[in-house]
Amino acid sequence: MQPVTTSLLSVVVPLYNEEDNVALLTQKIHESLVGYDYQIIYIDDFSTDNTKKVTKALKDDKVHLIELKKNYGQSLALAAGLDYAEGEYIITMDGDLQNDPSDIPEMLTYAVSGEFDVVTGIRQKRKDSLVKKIPSKIANFLVRRVTKLDIKDNGCALKVFTKDIAKDLNLYGEMHRFITLLAFLEGGQIKQVPVKHHARHAGVSKYGLERVFKVVADMMLLLFIRKYFQRPIHLFGISGFLMIMSGVLINFYLLIVKLGFGEDIGTRPLLTFGMMLIFAGIQLFTIGIVMELLIRTYYESQNKRPYRIKKISVGGEVK
């Protein structure tokens with residue numbers, strides 16, 4: 001097949017204990033990208049097996065290995081790879097051979113067309129257990145309901161990004177699950193295409209049912225980022241003001257009851273509730289002010305990265 005672009009491609013793959021997969025994955029990437037100009041960027045997230053040794057032993061000039069100083073998790077490993085990538089188009093995928101590199105050329109055609117900034121896969125006939133499928137379905141449902149963005153498979157790691165959109169992604173925590181949504185929030189145009197999915201070749205899965213709770217927490221954070229990240233005072237300040245006013249109205253009512261009708265209000269639960277609303281409202285308003293200051297600090301201090309690189313090797317040799 002004739003290459004659809006002559007631009008440099010960067011294939012970014014986070015690795016954690018994938019010693020039995022990395023050599024075969026590298027071979028499959030080479031076979032799928034014949035005729036293309038590309039680099040393969042492996043990010044070793046402090047593996048405890050021989051992943052680094054096996055990768056260096058490949059002696060492949062197209063393979064760049066980034067070794068992180070400790071285990072940061074998939075999001076920051078991916079962030080390190082995206083920061084390092086030099087390609088005009090950046091491809092992300094998992095290192096467990098469940099994604100198929102042969103899908104990349106077709107996905108590239110949509111990115112190269114100029115109509116789309118992100119091309120993301122929809123895994124067909126997933127070869128995963130229910131332990132992985134259930135959290136994935138919950139995450140996809142939450143994203144659709146909360147954001148109105150109809151992404152059918154947020155969990156598919158196989159994606160193609162234009163360089164501009166990929167470099168603007170600020171990944172942290174475990175936001176790799178919502179990388180397509182983050183790109184959308186940056187103004188990216190999304191294209192979804194069906195892709196193949198295979199059973200894990202070797203090793204064990206790093207995911208379990210605990211992902212459900214992490215998905216919910218991350219979704220709450222994304223909802224805040226989407227609506228209030230630049231102006232948190234609009235969330236906390238308005239909520240605090242409404243609570244203060246509700247507390248004042250309740251206490252004003254009780255004051256009328258006390259002075260106008262001579263009734264005892266000292267033991268009424270409503271008095272306690274009114275005071276709680278006032279104090280909680282003041283707290284929320286104060287949080288809003290503090291968040292405003294933090295956001296200003298965030299925008300003024302963008303240079304520090306949340307990960308540390310131990311060394312970088314190209315073709316098995318330290319760069």
# chains A, B, ... in the order shown; residues from 1 in each chain; ligands from 1
>>> select_by_dssp(residues="region 253-309 of chain A", states="helix (DSSP H, G or I)", output="MDAnalysis selection string")
chainID A and resid 253:261 269:300
>>> residues_around(residues="region 190-195 of chain A", least_positions_apart="2", cutoff="12 Å", atoms="only C-alpha atoms", output="PyMOL selection string")
chain A and resi 93+98-111+113-126+149-154+156-162+165+179-188+197-198
>>> residues_around(residues="Lys310 (chain A)", least_positions_apart="2", cutoff="8 Å", atoms="only C-alpha atoms", output="list of chain:residue names")
A:Ile66, A:Glu67, A:Leu68, A:Lys69, A:Arg308, A:Ile312
>>> atom_distance(atom1="CA of Ile91 (chain A)", atom2="CA of Pro306 (chain A)")
21.7 Å
>>> closest_residue(among="A:Phe141, A:Ile250, A:Met291, A:Leu8", to="Leu271 (chain A)", atoms="only C-alpha atoms")
A:Ile250
>>> residues_around(residues="region 36-42 of chain A", least_positions_apart="5", cutoff="6 Å", atoms="only C-alpha atoms", output="MDAnalysis selection string")
chainID A and resid 8:14 62:65
>>> residues_around(residues="Lys70 (chain A)", least_positions_apart="3", cutoff="10 Å", atoms="only C-alpha atoms", output="ChimeraX atom specification")
/A:44-47,67,73,307-310
>>> select_by_dssp(residues="region 9-217 of chain A", states="strand (DSSP E or B)", output="short mmCIF file (atom, residue, chain, number, x, y, z; two decimals) with N, CA, C and O atoms, in the first residue's frame")
data_model
loop_
_atom_site.label_atom_id
_atom_site.label_comp_id
_atom_site.auth_asym_id
_atom_site.auth_seq_id
_atom_site.Cartn_x
_atom_site.Cartn_y
_atom_site.Cartn_z
N LEU A 9 6.29 10.07 11.48
CA LEU A 9 5.32 9.55 12.43
C LEU A 9 6.02 9.19 13.73
O LEU A 9 7.15 8.70 13.71
N SER A 10 5.35 9.41 14.85
CA SER A 10 5.86 8.98 16.15
C SER A 10 4.87 8.00 16.75
O SER A 10 3.71 8.35 16.99
N VAL A 11 5.32 6.77 16.97
CA VAL A 11 4.48 5.76 17.61
C VAL A 11 4.86 5.70 19.08
O VAL A 11 5.97 5.30 19.44
N VAL A 12 3.95 6.12 19.95
CA VAL A 12 4.22 6.26 21.38
C VAL A 12 3.56 5.11 22.14
O VAL A 12 2.34 4.94 22.08
N VAL A 13 4.39 4.33 22.88
CA VAL A 13 3.88 3.14 23.55
C VAL A 13 4.41 3.07 24.99
O VAL A 13 5.59 2.83 25.20
N PRO A 14 3.56 3.30 25.99
CA PRO A 14 3.99 3.10 27.38
C PRO A 14 4.17 1.60 27.66
O PRO A 14 3.36 0.77 27.19
N LEU A 15 5.21 1.25 28.40
CA LEU A 15 5.48 -0.14 28.73
C LEU A 15 5.60 -0.32 30.24
O LEU A 15 6.26 0.48 30.91
N TYR A 38 9.27 6.94 10.32
CA TYR A 38 8.68 6.87 11.66
C TYR A 38 9.73 6.59 12.73
O TYR A 38 10.85 6.14 12.45
N GLN A 39 9.35 6.89 13.95
CA GLN A 39 10.13 6.54 15.12
C GLN A 39 9.20 5.83 16.10
O GLN A 39 8.01 6.13 16.17
N ILE A 40 9.73 4.85 16.82
CA ILE A 40 8.97 4.14 17.84
C ILE A 40 9.49 4.60 19.20
O ILE A 40 10.68 4.47 19.49
N ILE A 41 8.60 5.14 20.00
CA ILE A 41 8.99 5.67 21.31
C ILE A 41 8.39 4.80 22.39
O ILE A 41 7.17 4.81 22.62
N TYR A 42 9.23 4.01 23.04
CA TYR A 42 8.80 3.20 24.17
C TYR A 42 9.11 3.96 25.47
O TYR A 42 10.22 4.48 25.63
N ILE A 43 8.15 4.02 26.36
CA ILE A 43 8.37 4.65 27.66
C ILE A 43 8.28 3.57 28.72
O ILE A 43 7.20 3.01 28.97
N ASP A 44 9.39 3.24 29.34
CA ASP A 44 9.39 2.21 30.38
C ASP A 44 9.03 2.85 31.71
O ASP A 44 9.78 3.67 32.26
N VAL A 63 13.97 2.70 17.31
CA VAL A 63 13.41 2.54 18.65
C VAL A 63 14.08 3.50 19.63
O VAL A 63 15.30 3.46 19.83
N HIS A 64 13.27 4.35 20.23
CA HIS A 64 13.72 5.28 21.27
C HIS A 64 13.14 4.79 22.59
O HIS A 64 11.92 4.61 22.71
N LEU A 65 13.98 4.59 23.58
CA LEU A 65 13.53 4.10 24.88
C LEU A 65 13.70 5.20 25.93
O LEU A 65 14.82 5.65 26.19
N ILE A 66 12.59 5.60 26.53
CA ILE A 66 12.62 6.58 27.63
C ILE A 66 12.43 5.81 28.93
O ILE A 66 11.41 5.15 29.12
N GLU A 67 13.41 5.89 29.83
CA GLU A 67 13.31 5.22 31.12
C GLU A 67 12.93 6.24 32.20
O GLU A 67 13.64 7.23 32.41
N LEU A 68 11.82 6.02 32.86
CA LEU A 68 11.38 6.91 33.93
C LEU A 68 12.03 6.51 35.25
O LEU A 68 12.36 5.34 35.47
N TYR A 89 2.54 13.48 12.97
CA TYR A 89 1.40 12.70 13.42
C TYR A 89 1.90 11.76 14.50
O TYR A 89 2.94 11.11 14.36
N ILE A 90 1.15 11.69 15.60
CA ILE A 90 1.56 10.91 16.76
C ILE A 90 0.54 9.81 17.00
O ILE A 90 -0.66 10.08 17.15
N ILE A 91 1.02 8.58 17.03
CA ILE A 91 0.15 7.42 17.23
C ILE A 91 0.40 6.87 18.63
O ILE A 91 1.54 6.69 19.04
N THR A 92 -0.67 6.62 19.36
CA THR A 92 -0.54 6.00 20.68
C THR A 92 -1.16 4.62 20.64
O THR A 92 -2.15 4.38 19.94
N ASN A 99 -3.80 -4.10 20.67
CA ASN A 99 -3.99 -3.22 19.51
C ASN A 99 -3.21 -3.79 18.33
O ASN A 99 -2.16 -4.42 18.52
N VAL A 118 -8.00 14.11 15.67
CA VAL A 118 -7.84 12.86 16.41
C VAL A 118 -8.63 11.76 15.69
O VAL A 118 -9.81 11.96 15.38
N VAL A 119 -7.98 10.64 15.46
CA VAL A 119 -8.67 9.46 14.92
C VAL A 119 -8.53 8.37 15.98
O VAL A 119 -7.42 7.97 16.33
N THR A 120 -9.66 7.93 16.52
CA THR A 120 -9.63 6.97 17.62
C THR A 120 -10.31 5.67 17.21
O THR A 120 -11.27 5.68 16.42
N GLY A 121 -9.83 4.57 17.74
CA GLY A 121 -10.36 3.27 17.37
C GLY A 121 -11.58 2.86 18.18
O GLY A 121 -11.75 3.28 19.34
N ILE A 122 -12.40 2.05 17.57
CA ILE A 122 -13.50 1.37 18.27
C ILE A 122 -13.21 -0.12 18.18
O ILE A 122 -13.26 -0.72 17.10
N ARG A 123 -12.86 -0.73 19.30
CA ARG A 123 -12.45 -2.13 19.29
C ARG A 123 -13.61 -3.05 18.91
O ARG A 123 -14.66 -3.02 19.53
N LYS A 159 -4.78 5.38 18.80
CA LYS A 159 -5.27 6.68 18.34
C LYS A 159 -4.20 7.34 17.48
O LYS A 159 -3.00 7.10 17.67
N VAL A 160 -4.65 8.20 16.59
CA VAL A 160 -3.73 9.02 15.78
C VAL A 160 -4.07 10.48 16.05
O VAL A 160 -5.22 10.90 15.92
N PHE A 161 -3.05 11.25 16.44
CA PHE A 161 -3.22 12.67 16.73
C PHE A 161 -2.39 13.50 15.75
O PHE A 161 -1.31 13.08 15.33
N THR A 162 -2.87 14.68 15.43
CA THR A 162 -1.98 15.65 14.80
C THR A 162 -1.05 16.18 15.88
O THR A 162 -1.39 16.18 17.07
N ILE A 190 -12.95 14.98 16.08
CA ILE A 190 -12.75 13.56 16.36
C ILE A 190 -13.36 12.69 15.26
O ILE A 190 -14.47 12.95 14.80
N LYS A 191 -12.62 11.65 14.88
CA LYS A 191 -13.13 10.64 13.95
C LYS A 191 -12.96 9.26 14.61
O LYS A 191 -11.90 8.93 15.14
N GLN A 192 -14.03 8.46 14.58
CA GLN A 192 -13.98 7.12 15.13
C GLN A 192 -14.00 6.08 14.02
O GLN A 192 -14.81 6.18 13.09
N VAL A 193 -13.11 5.10 14.10
CA VAL A 193 -13.06 4.05 13.09
C VAL A 193 -12.95 2.68 13.78
O VAL A 193 -12.32 2.56 14.83
N PRO A 194 -13.55 1.65 13.21
CA PRO A 194 -13.43 0.29 13.77
C PRO A 194 -11.99 -0.22 13.64
O PRO A 194 -11.34 0.01 12.61
N VAL A 195 -11.50 -0.88 14.69
CA VAL A 195 -10.15 -1.46 14.65
C VAL A 195 -10.21 -2.87 15.22
O VAL A 195 -11.13 -3.24 15.94
N HIS A 197 -9.02 -6.12 17.52
CA HIS A 197 -8.62 -6.28 18.92
C HIS A 197 -8.26 -7.74 19.15
O HIS A 197 -8.96 -8.65 18.70
#
>>> residues_around(residues="Asp61 (chain A)", least_positions_apart="4", cutoff="12 Å", atoms="only C-alpha atoms", output="ChimeraX atom specification")
/A:26,30,38-41,55-57,65,313-319
>>> residues_around(residues="Met276 (chain A)", least_positions_apart="5", cutoff="12 Å", atoms="only C-alpha atoms", output="number ranges by chain")
A: 240, 243-248, 250-251, 269-271, 281-283
>>> closest_residue(among="A:Pro3, A:Tyr84, A:Arg144, A:Asn170", to="Ser32 (chain A)", atoms="only C-alpha atoms")
A:Pro3
>>> atom_distance(atom1="CA of Leu58 (chain A)", atom2="CA of Ala199 (chain A)")
24.1 Å
>>> atom_distance(atom1="CA of Ile287 (chain A)", atom2="CA of Arg145 (chain A)")
27.7 Å
